[in-house]
Amino acid sequence: MNSNAAHKPVCAESDAITIAFTLNGKSHTAKVAPGERLLDTLRYGLALTGTKEGCGEGECGACTVLLDGLPANSCLVPAFQVRGRDVRTIESIPAERLGPLLESGATQCGACTPGVVMTAAWIRDHRSELQSFTTRALMAGNLCRCTGYDGIIDGLERWIASESGGRS
Amino acid sequence: MLRIEGLSKLCGAERYLDDEPLEGPLKGCLWGMTVRSPVSRGRIRDIVYGAGFNWSEFVVVTPDDIPGPNETYLIENDQPVLAPGYVRHMHEPVALIAHADRDLLRRALASIRVQVDPEPPVLDFRVPPRPEQIQRGTDNVIKQLRICKGDVEKVFATAPIIVEGEYETGAQEHVYIENNAMAAWIEDGPAGDVVVVRGSMQCPYYVLNAVKHALKRDETRVRIMQSPTGGGFGGKEDYPSTIALHAALLALKAQKPVKIVYDRSEDMAATTKRHPSLVRHKTAVDRNGRLLAQKIEVILDGGAYVTLSPVVLSRGIIHAAGPYSCDHVLIEGRAMLTNSVPYGAFRGFGAPQTIFAVERHMDRIAQKLGISPLEVRRVNLLKDGQTTSTQQTICGGTDRHALLERALGETDYARLLAQAEEFNREHPYLRRGVGIATVLHGAGFTGNGEVYLNSKVDVAGLPDGRLEVLAASTEMGQGTNTVFTRLAADAADYATDDVLVGMPDTFRVPNSGPTVASRTVMVVGKLIERAISDLAAQLGGGGSPLRGKALKDAIIAWHRVNGGGSLKARATYTPPPNVKFDDKKYIGDAYATFAWGVCVAHVEVDLRTAAVRVLHFTSLQDIGKVINPTLARGQVQGGTVQAIGWALSEELKFKDGGMANNSLTNYIIPTSDDVPPIRVLFHENPYEHGGGGAKGVGELPMDGPAPAILNAVAHATGCDPLAIPLTPERLMPLLEATP
Ligand code: FES
Ligand code: FES
């Protein structure tokens with residue numbers, strides 16, 4: 001698996017931290033450098049390249065993963081902090097569920113898309129608890145430069161309607 | 001038809017360059033980084049490599065390592081690949097370093113000091129340069145262009161009413177979400193080693209020409225491949241040539257694969273942006289608002305090198321008079337050399353800037369005459385048979401007056417206007433307004449550009465009977481592959497599953513021209529149709545061209561007979577009949593056809609904060625035949641939101657000539673919560689010379705929103721905004737000065 005490992009941050013063996021966490025439903029251990037970002041652990045350490053980097057500073061949401069069930073910008077999360085926690089990435093979402101987003105034109109260039117899908121999945125699973133917010137407000141943490149957002153918002157609403165009641 | 005690669009993008013399986021496993025050609029790949037100029041202009045005294053690093057472990061490339069001319073091949077080749085002892089803009093590439101450990105490389109890069117003896121830079125394109133600031137010719141003018149129709153001065157001498165105005169637009173950063181990324185490696189080939197470059201790009205053949213030129217190789221020893229590209233918008237038109245050369249130089253020196261992946265701050269600071277503009281209008285009108293003479297001066301900030309500025313200026317001036325009929329027009333344009341980062345291609349390519357000016361100006365003419373903004377457009381909108389500023393006779397059957405009336409009807413414009421006025425009487429601090437813009441966009445390359453490009457497309461019949469489209473046109477999110485598949489399937493009467501679109505690779509695909517200028521579906525799409533009918537005719541052996549199953553069977557049969565052979569048909573561009581342009585005098589058919597649009601914006605201004613919010617936005621577009629409604633709508637919606645950002649929030653701040661807010665934290669692009677749903681309406685009038693009857697759609701959406709929104713703000717508040725981005729900081733003083 002570890003095909004991109006050569007580009008993972010390196011550190012002295014004595015500084016490396018070993019962490020155990022749940023990744024996409026399976027328990028996992030990883031050795032990480034003290035300053036390593038969760039984003040790099042996923043992309044370069046574990047070859048889970050579905051999670052993208054758009055800005056590296058918590059603005060664009062391209063790196064969104066679910067951390068203990070909540071959307072988080074993995075570029076801002078130090079990898080060692082996920083010890084004992086639950087991490088879900090885009091690789092855990094089955095393609096066959098994404099039809100509504102495909103049909104609505106939710107993706108164009110695709111660079112923002114995995115992050116958009118992770119936030120959308122969270123909104124879909126919790127829509128009833130988030131009643132007081134519009135889907136537009138809830139999606140505002142994910143920048144997209146291609147779609148103008150209509151394709152994303154329509155797709156999310158169709159997704160909610162098509163799977164109402166179901167959970168991932 | 002659904003987007004072909006859509007599911008792969010949605011589930012994160014699409015592999016952009018930085019997602020590729022470091023196996024095969026990328027095994028042992030080093031990271032490359034760029035040493036950049038710390039000042040806007042000056043002579044490099046020294047490059048000091050920091051202490052504490054074992055520099056023998058690093059690969060270092062300087063201008064001396066460039067095998068051929070130190071030039072980035074484009075229009076004038078004046079931009080060096082690496083600054084040769086003299087820098088002309090902040091963040092200009094000076095040297096390159098590579099190492100396997102990215103963190104170490106970052107620290108090493110930070111330790112490098114480029115010492116420069118500064119010289120006085122030009123940082124404001126609007127003011128004439130002082131003698132010590134002259135760096136090109138006698139006046140820093142990169143390019144000067146002129147369009148002249150009739151005799152404006154004669155009209156001005158007796159004109160009843162003259163309206164003048166001066167309009168400004170700011171720079172804009174593309175913010176494609178995938179940053180620039182490029183990898184290079186060396187392979188063995190029959191004629192010696194081959195430099196292979198793969199990465200995020202719009203125009204593989206631009207990259208090929210640039211790499212060939214500076215590395216002094218022919219096209220058998222340079223191979224350029226596109227990887228899935230996460231957005232471009234013009235930002236990956238010319239700059240990828242620079243990054244490709246950087247990666248190739250490092251790979252040649254290291255004799256190892258090298259990957260350069262910009263982070264956001266580097267991408268924003270160092271790469272091209274939309275040209276800032278200053279446009280002056282002087283217009284003679286009669287009491288009904290009829291345009292009698294238009295005199296327009298267009299000045300663009302070209303930045304530190306020529307790059308694409310002459311062509312951006314060209315498109316800018318051709319669109320400067322708007323979609324109106326006027327017998328006397330004089331347009332003078334110039335692009336100025338400054339010591340900013342070179343400005344480059346950005347969706348619309350000069351047209352949004354000049355259309356912003358003319359569309360604000362039309363509203364100000366109406367205001368001065370006391371007539372409505374609709375009236376001034378109704379009186380002047382081009383009718384078929386009338387001519388543009390370049391004396392191109394407009395034809396094609398689209399009724400621009402009917403487009404305007406349809407947009408007004410569909411938006412219930414009269415009611416919106418009345419409601420806004422009623423709302424404004426009651427509300428203590430919110431003001432609503434409605435604005436329109438009527439726009440045009442020339443589809444394809446300007447003038448004889450398409451003829452010079454001489455684009456080619458191959459269609460191959462595969463042994464299993466499927467068809468493969470081979471073109472250099474890139475998919476970067478706009479839907480090239482999906483639309484090409486549809487057009488090919490329709491032309492051959494095939495199922496879409498039986499059509500493949502090959503990934504652009506200069507060893508495999510012919511040059512179908514750059515993926516720019518809203519030309520892909522219209523021009524290249526048409527070539528695909530022609531190549532297929534050619535293939536079908538070839539196999540039909542003089543009888544009627546084969547289609548569907550008969551074609552498939554014939555392809556399979558051909559391969560049985562010619563085992564291992566390659567069955568291909570090629571189509572080469574031929575211009576539509578009677579299109580003639582004199583590119584010295586700027587007279588004639590500037591474009592084979594135009595796309596037309598009407599935008600209606602409904603805004604709300606908060607008088608306390610000077611914040612502008614777009615409440616509703618409608619865009620009506622005539623783009624010929626719509627091939628794929630979801631994709632076409634997505635282009636309009638995405639372009640509109642990008643234009644809303646340009647109009648209201650996207651402000652580049654400069655410090656010493658470099659971008660100071662080079663991060664998404666303080667360069668503000670719209671979020672989903674900042675914009676309303678964008679309502680898209682199409683007027684379908686098939687264009688016979690376009691693929692599937694289509695004209696261009698990529699850029700038109702960028703043209704109308706900024707002026708429509710500012711016209712709406714003027715209506716809402718009574719103030720007179722003339723410059724964008726109309727940030728609260730810019731609007732507040734205007735509101736304070738408005739009674
Ligand atoms: S990369 Fe993490 S928010 Fe942009
Ligand atoms: S699809 Fe390109 S940034 Fe969202």
# chains A, B, ... in the order shown; residues from 1 in each chain; ligands from 1
$ residues_near_ligand --ligand "ligand 1" --cutoff "10 Å" --atoms "only C-alpha atoms and all ligand atoms" --output "PyMOL selection string"
(chain A and resi 37+39+51-65+72-77+112+115+141-143) or (chain B and resi 177+263-264+664-665)
$ residues_around --residues "region 145-156 of chain A" --least-positions-apart "5" --cutoff "6 Å" --atoms "only C-alpha atoms" --output "PyMOL selection string"
(chain A and resi 100-101+104-106) or (chain B and resi 634+637-638+641+672+677)
$ write_last_selection --atoms "N, CA and C atoms" --output "PDB file, in the first residue's frame"
ATOM      1  N   PRO A 100     -26.944  11.174  -6.769  1.00  0.00           N
ATOM      2  CA  PRO A 100     -27.604  12.488  -6.786  1.00  0.00           C
ATOM      3  C   PRO A 100     -26.613  13.636  -7.027  1.00  0.00           C
ATOM      4  N   LEU A 101     -25.402  13.510  -6.486  1.00  0.00           N
ATOM      5  CA  LEU A 101     -24.399  14.570  -6.664  1.00  0.00           C
ATOM      6  C   LEU A 101     -23.871  14.572  -8.092  1.00  0.00           C
ATOM      7  N   SER A 104     -26.592  16.170 -10.435  1.00  0.00           N
ATOM      8  CA  SER A 104     -26.838  17.603 -10.284  1.00  0.00           C
ATOM      9  C   SER A 104     -25.667  18.436 -10.779  1.00  0.00           C
ATOM     10  N   GLY A 105     -24.561  17.800 -11.149  1.00  0.00           N
ATOM     11  CA  GLY A 105     -23.388  18.586 -11.551  1.00  0.00           C
ATOM     12  C   GLY A 105     -22.612  19.121 -10.357  1.00  0.00           C
ATOM     13  N   ALA A 106     -22.528  18.337  -9.279  1.00  0.00           N
ATOM     14  CA  ALA A 106     -21.833  18.799  -8.074  1.00  0.00           C
ATOM     15  C   ALA A 106     -20.320  18.812  -8.241  1.00  0.00           C
TER      16      ALA A 106
ATOM     17  N   GLY B 634     -23.623  24.542 -15.454  1.00  0.00           N
ATOM     18  CA  GLY B 634     -22.522  24.618 -14.488  1.00  0.00           C
ATOM     19  C   GLY B 634     -21.473  25.641 -14.900  1.00  0.00           C
ATOM     20  N   GLN B 637     -23.069  29.064 -14.119  1.00  0.00           N
ATOM     21  CA  GLN B 637     -23.155  29.330 -12.680  1.00  0.00           C
ATOM     22  C   GLN B 637     -21.765  29.576 -12.094  1.00  0.00           C
ATOM     23  N   GLY B 638     -20.813  28.740 -12.458  1.00  0.00           N
ATOM     24  CA  GLY B 638     -19.454  28.898 -11.937  1.00  0.00           C
ATOM     25  C   GLY B 638     -18.828  30.208 -12.396  1.00  0.00           C
ATOM     26  N   VAL B 641     -20.400  33.172 -10.499  1.00  0.00           N
ATOM     27  CA  VAL B 641     -19.935  33.332  -9.115  1.00  0.00           C
ATOM     28  C   VAL B 641     -18.494  33.857  -9.086  1.00  0.00           C
ATOM     29  N   SER B 672     -20.474  29.336  -0.602  1.00  0.00           N
ATOM     30  CA  SER B 672     -21.860  29.025  -0.973  1.00  0.00           C
ATOM     31  C   SER B 672     -22.838  29.983  -0.308  1.00  0.00           C
ATOM     32  N   PRO B 677     -28.684  31.323  -5.518  1.00  0.00           N
ATOM     33  CA  PRO B 677     -28.734  30.408  -6.655  1.00  0.00           C
ATOM     34  C   PRO B 677     -28.650  31.249  -7.933  1.00  0.00           C
TER      35      PRO B 677
END
$ closest_residue --among "B:Leu374, B:Leu10, B:Val675, B:Met201" --to "ligand 2" --atoms "only C-alpha atoms and all ligand atoms"
B:Leu10
$ atom_distance --atom1 "CA of Lys549 (chain B)" --atom2 "CA of Gly6 (chain B)"
27.9 Å
$ residues_around --residues "region 94-110 of chain B" --least-positions-apart "6" --cutoff "8 Å" --atoms "only C-alpha atoms" --output "ChimeraX atom specification"
/A:6-7,9-10 /B:28-37,50,53,57-63,82-84,87,246,250,258
$ closest_residue --among "B:Met476, B:Ile623, B:Val579, B:Ile644" --to "ligand 2" --atoms "only C-alpha atoms and all ligand atoms"
B:Met476
$ residues_around --residues "Val636 (chain B)" --least-positions-apart "5" --cutoff "12 Å" --atoms "only C-alpha atoms" --output "MDAnalysis selection string"
(chainID A and resid 146:151) or (chainID B and resid 347 478 597:599 617:623 626 629:631 641:643 677:682 696:705)
$ closest_residue --among "B:Tyr16, B:Tyr429, B:Tyr494, B:Phe445" --to "chain A" --atoms "only C-alpha atoms"
B:Tyr16
$ residues_around --residues "Ser92 (chain A)" --least-positions-apart "6" --cutoff "12 Å" --atoms "only C-alpha atoms" --output "number ranges by chain"
A: 23-26, 48, 50-51, 65-66, 114, 117-118, 121, 168; B: 10-13
$ select_by_dssp --residues "region 104-194 of chain B" --states "strand (DSSP E or B)" --output "VMD selection string"
chain B and resid 113 to 118 141 to 149 161 to 169 172 181 to 189 192 to 194
$ write_last_selection --atoms "N, CA and C atoms" --output "mmCIF file, in the first residue's frame"
data_model
loop_
_atom_site.group_PDB
_atom_site.id
_atom_site.type_symbol
_atom_site.label_atom_id
_atom_site.label_comp_id
_atom_site.auth_asym_id
_atom_site.auth_seq_id
_atom_site.Cartn_x
_atom_site.Cartn_y
_atom_site.Cartn_z
ATOM 1 N N ARG B 113 19.459 33.407 0.463
ATOM 2 C CA ARG B 113 19.259 34.858 0.320
ATOM 3 C C ARG B 113 19.644 35.274 -1.087
ATOM 4 N N VAL B 114 18.697 35.847 -1.804
ATOM 5 C CA VAL B 114 19.016 36.418 -3.110
ATOM 6 C C VAL B 114 19.292 37.894 -2.872
ATOM 7 N N GLN B 115 20.551 38.294 -3.127
ATOM 8 C CA GLN B 115 20.918 39.686 -2.863
ATOM 9 C C GLN B 115 20.815 40.478 -4.160
ATOM 10 N N VAL B 116 20.048 41.546 -4.090
ATOM 11 C CA VAL B 116 19.759 42.307 -5.299
ATOM 12 C C VAL B 116 20.042 43.784 -5.059
ATOM 13 N N ASP B 117 20.701 44.435 -6.029
ATOM 14 C CA ASP B 117 20.821 45.894 -5.989
ATOM 15 C C ASP B 117 19.573 46.461 -6.643
ATOM 16 N N PRO B 118 18.674 47.017 -5.847
ATOM 17 C CA PRO B 118 17.370 47.381 -6.390
ATOM 18 C C PRO B 118 17.445 48.567 -7.370
ATOM 19 N N VAL B 141 5.561 50.716 -23.309
ATOM 20 C CA VAL B 141 4.359 50.161 -23.922
ATOM 21 C C VAL B 141 4.691 48.785 -24.514
ATOM 22 N N ILE B 142 3.942 47.770 -24.074
ATOM 23 C CA ILE B 142 4.141 46.412 -24.600
ATOM 24 C C ILE B 142 3.489 46.286 -25.955
ATOM 25 N N LYS B 143 2.312 46.851 -26.078
ATOM 26 C CA LYS B 143 1.559 46.693 -27.327
ATOM 27 C C LYS B 143 0.536 47.811 -27.404
ATOM 28 N N GLN B 144 0.350 48.302 -28.617
ATOM 29 C CA GLN B 144 -0.614 49.364 -28.847
ATOM 30 C C GLN B 144 -1.522 48.900 -29.985
ATOM 31 N N LEU B 145 -2.815 49.071 -29.849
ATOM 32 C CA LEU B 145 -3.739 48.622 -30.899
ATOM 33 C C LEU B 145 -4.834 49.665 -31.076
ATOM 34 N N ARG B 146 -5.417 49.678 -32.254
ATOM 35 C CA ARG B 146 -6.368 50.738 -32.560
ATOM 36 C C ARG B 146 -7.459 50.187 -33.464
ATOM 37 N N ILE B 147 -8.685 50.582 -33.147
ATOM 38 C CA ILE B 147 -9.820 50.272 -34.022
ATOM 39 C C ILE B 147 -10.437 51.601 -34.412
ATOM 40 N N CYS B 148 -10.661 51.816 -35.680
ATOM 41 C CA CYS B 148 -11.203 53.098 -36.114
ATOM 42 C C CYS B 148 -12.315 52.872 -37.125
ATOM 43 N N LYS B 149 -13.462 53.417 -36.834
ATOM 44 C CA LYS B 149 -14.621 53.307 -37.734
ATOM 45 C C LYS B 149 -15.238 54.697 -37.806
ATOM 46 N N ILE B 161 -24.993 65.963 -26.913
ATOM 47 C CA ILE B 161 -24.691 65.557 -25.526
ATOM 48 C C ILE B 161 -23.466 64.652 -25.531
ATOM 49 N N ILE B 162 -22.569 64.940 -24.606
ATOM 50 C CA ILE B 162 -21.383 64.094 -24.478
ATOM 51 C C ILE B 162 -21.317 63.563 -23.049
ATOM 52 N N VAL B 163 -21.094 62.261 -22.923
ATOM 53 C CA VAL B 163 -20.977 61.655 -21.590
ATOM 54 C C VAL B 163 -19.591 61.018 -21.485
ATOM 55 N N GLU B 164 -18.920 61.322 -20.383
ATOM 56 C CA GLU B 164 -17.581 60.757 -20.201
ATOM 57 C C GLU B 164 -17.535 59.927 -18.928
ATOM 58 N N GLY B 165 -16.586 59.008 -18.879
ATOM 59 C CA GLY B 165 -16.436 58.209 -17.668
ATOM 60 C C GLY B 165 -15.110 57.486 -17.665
ATOM 61 N N GLU B 166 -14.666 57.158 -16.454
ATOM 62 C CA GLU B 166 -13.398 56.460 -16.306
ATOM 63 C C GLU B 166 -13.638 55.277 -15.367
ATOM 64 N N TYR B 167 -13.264 54.085 -15.809
ATOM 65 C CA TYR B 167 -13.641 52.859 -15.095
ATOM 66 C C TYR B 167 -12.404 52.022 -14.822
ATOM 67 N N GLU B 168 -12.390 51.406 -13.636
ATOM 68 C CA GLU B 168 -11.207 50.610 -13.283
ATOM 69 C C GLU B 168 -11.609 49.228 -12.783
ATOM 70 N N THR B 169 -10.785 48.259 -13.160
ATOM 71 C CA THR B 169 -10.977 46.909 -12.612
ATOM 72 C C THR B 169 -9.648 46.429 -12.035
ATOM 73 N N GLN B 172 -7.185 39.815 -10.603
ATOM 74 C CA GLN B 172 -7.944 38.707 -10.015
ATOM 75 C C GLN B 172 -7.105 37.445 -10.082
ATOM 76 N N ALA B 181 1.050 21.789 -10.396
ATOM 77 C CA ALA B 181 1.858 20.610 -10.060
ATOM 78 C C ALA B 181 2.398 20.005 -11.345
ATOM 79 N N MET B 182 3.667 19.634 -11.337
ATOM 80 C CA MET B 182 4.307 19.129 -12.551
ATOM 81 C C MET B 182 5.412 18.164 -12.144
ATOM 82 N N ALA B 183 5.544 17.072 -12.893
ATOM 83 C CA ALA B 183 6.649 16.145 -12.660
ATOM 84 C C ALA B 183 7.404 15.954 -13.965
ATOM 85 N N ALA B 184 8.695 15.696 -13.868
ATOM 86 C CA ALA B 184 9.497 15.444 -15.063
ATOM 87 C C ALA B 184 10.439 14.299 -14.791
ATOM 88 N N TRP B 185 10.714 13.514 -15.823
ATOM 89 C CA TRP B 185 11.709 12.453 -15.715
ATOM 90 C C TRP B 185 12.334 12.223 -17.083
ATOM 91 N N ILE B 186 13.379 11.402 -17.081
ATOM 92 C CA ILE B 186 14.111 11.144 -18.324
ATOM 93 C C ILE B 186 13.908 9.685 -18.709
ATOM 94 N N GLU B 187 13.585 9.458 -19.973
ATOM 95 C CA GLU B 187 13.417 8.089 -20.459
ATOM 96 C C GLU B 187 14.328 7.856 -21.654
ATOM 97 N N ASP B 188 14.610 6.590 -21.933
ATOM 98 C CA ASP B 188 15.368 6.293 -23.151
ATOM 99 C C ASP B 188 14.436 6.303 -24.337
ATOM 100 N N GLY B 189 14.926 6.795 -25.451
ATOM 101 C CA GLY B 189 14.142 6.771 -26.684
ATOM 102 C C GLY B 189 15.034 6.372 -27.835
ATOM 103 N N GLY B 192 17.801 8.954 -28.614
ATOM 104 C CA GLY B 192 18.467 9.536 -27.452
ATOM 105 C C GLY B 192 17.462 9.692 -26.325
ATOM 106 N N ASP B 193 17.920 10.314 -25.227
ATOM 107 C CA ASP B 193 17.006 10.385 -24.077
ATOM 108 C C ASP B 193 15.832 11.322 -24.361
ATOM 109 N N VAL B 194 14.726 11.045 -23.672
ATOM 110 C CA VAL B 194 13.497 11.821 -23.855
ATOM 111 C C VAL B 194 13.150 12.472 -22.515
#
$ residues_around --residues "Thr49 (chain A)" --least-positions-apart "3" --cutoff "9 Å" --atoms "only C-alpha atoms" --output "MDAnalysis selection string"
(chainID A and resid 42:44 46 52 91) or (chainID B and resid 12:13 15 18:20)
$ closest_atom_pairs --of "chain B" --to "ligand 2" --cutoff "9 Å" --atoms "only C-alpha atoms and all ligand atoms" --output "CSV"
residue,atom,partner,partner_atom_place_in_ligand_line,distance
B:Lys9,CA,ligand 2,1 (S),8.8
B:Val175,CA,ligand 2,3 (S),8.5
B:Tyr176,CA,ligand 2,3 (S),6.3
B:Ile177,CA,ligand 2,3 (S),5.0
B:Glu178,CA,ligand 2,3 (S),7.7
B:Gly230,CA,ligand 2,2 (Fe),6.0
B:Gly231,CA,ligand 2,2 (Fe),5.6
B:Met476,CA,ligand 2,2 (Fe),8.3
B:Gly477,CA,ligand 2,2 (Fe),6.2
B:Gln478,CA,ligand 2,2 (Fe),8.9
$ write_last_selection --atoms "all heavy atoms" --output "short mmCIF file (atom, residue, chain, number, x, y, z; two decimals), in the first residue's frame"
data_model
loop_
_atom_site.label_atom_id
_atom_site.label_comp_id
_atom_site.auth_asym_id
_atom_site.auth_seq_id
_atom_site.Cartn_x
_atom_site.Cartn_y
_atom_site.Cartn_z
N LYS B 9 -14.31 11.40 -9.58
CA LYS B 9 -13.99 12.62 -8.83
C LYS B 9 -14.75 12.66 -7.51
O LYS B 9 -14.20 13.04 -6.47
CB LYS B 9 -14.34 13.85 -9.67
CG LYS B 9 -13.32 14.11 -10.77
CD LYS B 9 -13.72 15.25 -11.69
CE LYS B 9 -12.55 15.62 -12.61
NZ LYS B 9 -12.94 16.61 -13.65
N VAL B 175 -7.42 31.03 -8.41
CA VAL B 175 -7.84 30.12 -7.34
C VAL B 175 -8.48 28.83 -7.85
O VAL B 175 -9.54 28.43 -7.39
CB VAL B 175 -8.75 30.79 -6.28
CG1 VAL B 175 -8.81 29.94 -5.01
CG2 VAL B 175 -8.27 32.18 -5.90
N TYR B 176 -7.85 28.21 -8.88
CA TYR B 176 -8.20 26.81 -9.15
C TYR B 176 -7.86 26.07 -7.87
O TYR B 176 -6.88 26.39 -7.18
CB TYR B 176 -7.38 26.28 -10.35
CG TYR B 176 -6.04 26.96 -10.50
CD1 TYR B 176 -5.03 26.72 -9.58
CD2 TYR B 176 -5.82 27.90 -11.49
CE1 TYR B 176 -3.81 27.37 -9.66
CE2 TYR B 176 -4.59 28.56 -11.58
CZ TYR B 176 -3.60 28.29 -10.65
OH TYR B 176 -2.40 28.95 -10.72
N ILE B 177 -8.68 25.10 -7.48
CA ILE B 177 -8.44 24.49 -6.15
C ILE B 177 -7.24 23.54 -6.17
O ILE B 177 -6.55 23.38 -5.18
CB ILE B 177 -9.72 23.84 -5.60
CG1 ILE B 177 -10.79 24.92 -5.34
CG2 ILE B 177 -9.46 23.06 -4.31
CD1 ILE B 177 -10.46 25.96 -4.28
N GLU B 178 -6.95 22.92 -7.32
CA GLU B 178 -5.69 22.17 -7.39
C GLU B 178 -4.58 23.15 -7.75
O GLU B 178 -4.57 23.74 -8.84
CB GLU B 178 -5.74 21.08 -8.49
CG GLU B 178 -4.47 20.24 -8.51
CD GLU B 178 -4.03 19.73 -9.90
OE1 GLU B 178 -4.49 20.24 -10.93
OE2 GLU B 178 -3.17 18.85 -9.95
N GLY B 230 -7.16 20.10 -11.92
CA GLY B 230 -8.17 20.58 -10.98
C GLY B 230 -8.47 22.05 -11.14
O GLY B 230 -8.28 22.84 -10.23
N GLY B 231 -8.94 22.42 -12.31
CA GLY B 231 -9.32 23.81 -12.57
C GLY B 231 -8.21 24.55 -13.28
O GLY B 231 -7.02 24.24 -13.12
N MET B 476 -10.49 20.09 -17.78
CA MET B 476 -10.01 20.69 -16.52
C MET B 476 -11.19 21.00 -15.62
O MET B 476 -11.12 21.85 -14.74
CB MET B 476 -9.19 21.94 -16.80
CG MET B 476 -9.88 22.90 -17.73
SD MET B 476 -8.87 24.32 -18.12
CE MET B 476 -9.48 24.76 -19.74
N GLY B 477 -12.30 20.31 -15.90
CA GLY B 477 -13.49 20.52 -15.09
C GLY B 477 -14.65 21.02 -15.92
O GLY B 477 -15.80 20.89 -15.54
N GLN B 478 -14.34 21.59 -17.08
CA GLN B 478 -15.41 22.21 -17.88
C GLN B 478 -16.20 21.19 -18.69
O GLN B 478 -17.23 21.52 -19.25
CB GLN B 478 -14.80 23.32 -18.75
CG GLN B 478 -14.18 22.90 -20.07
CD GLN B 478 -12.85 22.19 -19.97
OE1 GLN B 478 -12.61 21.38 -19.08
NE2 GLN B 478 -11.97 22.47 -20.90
#
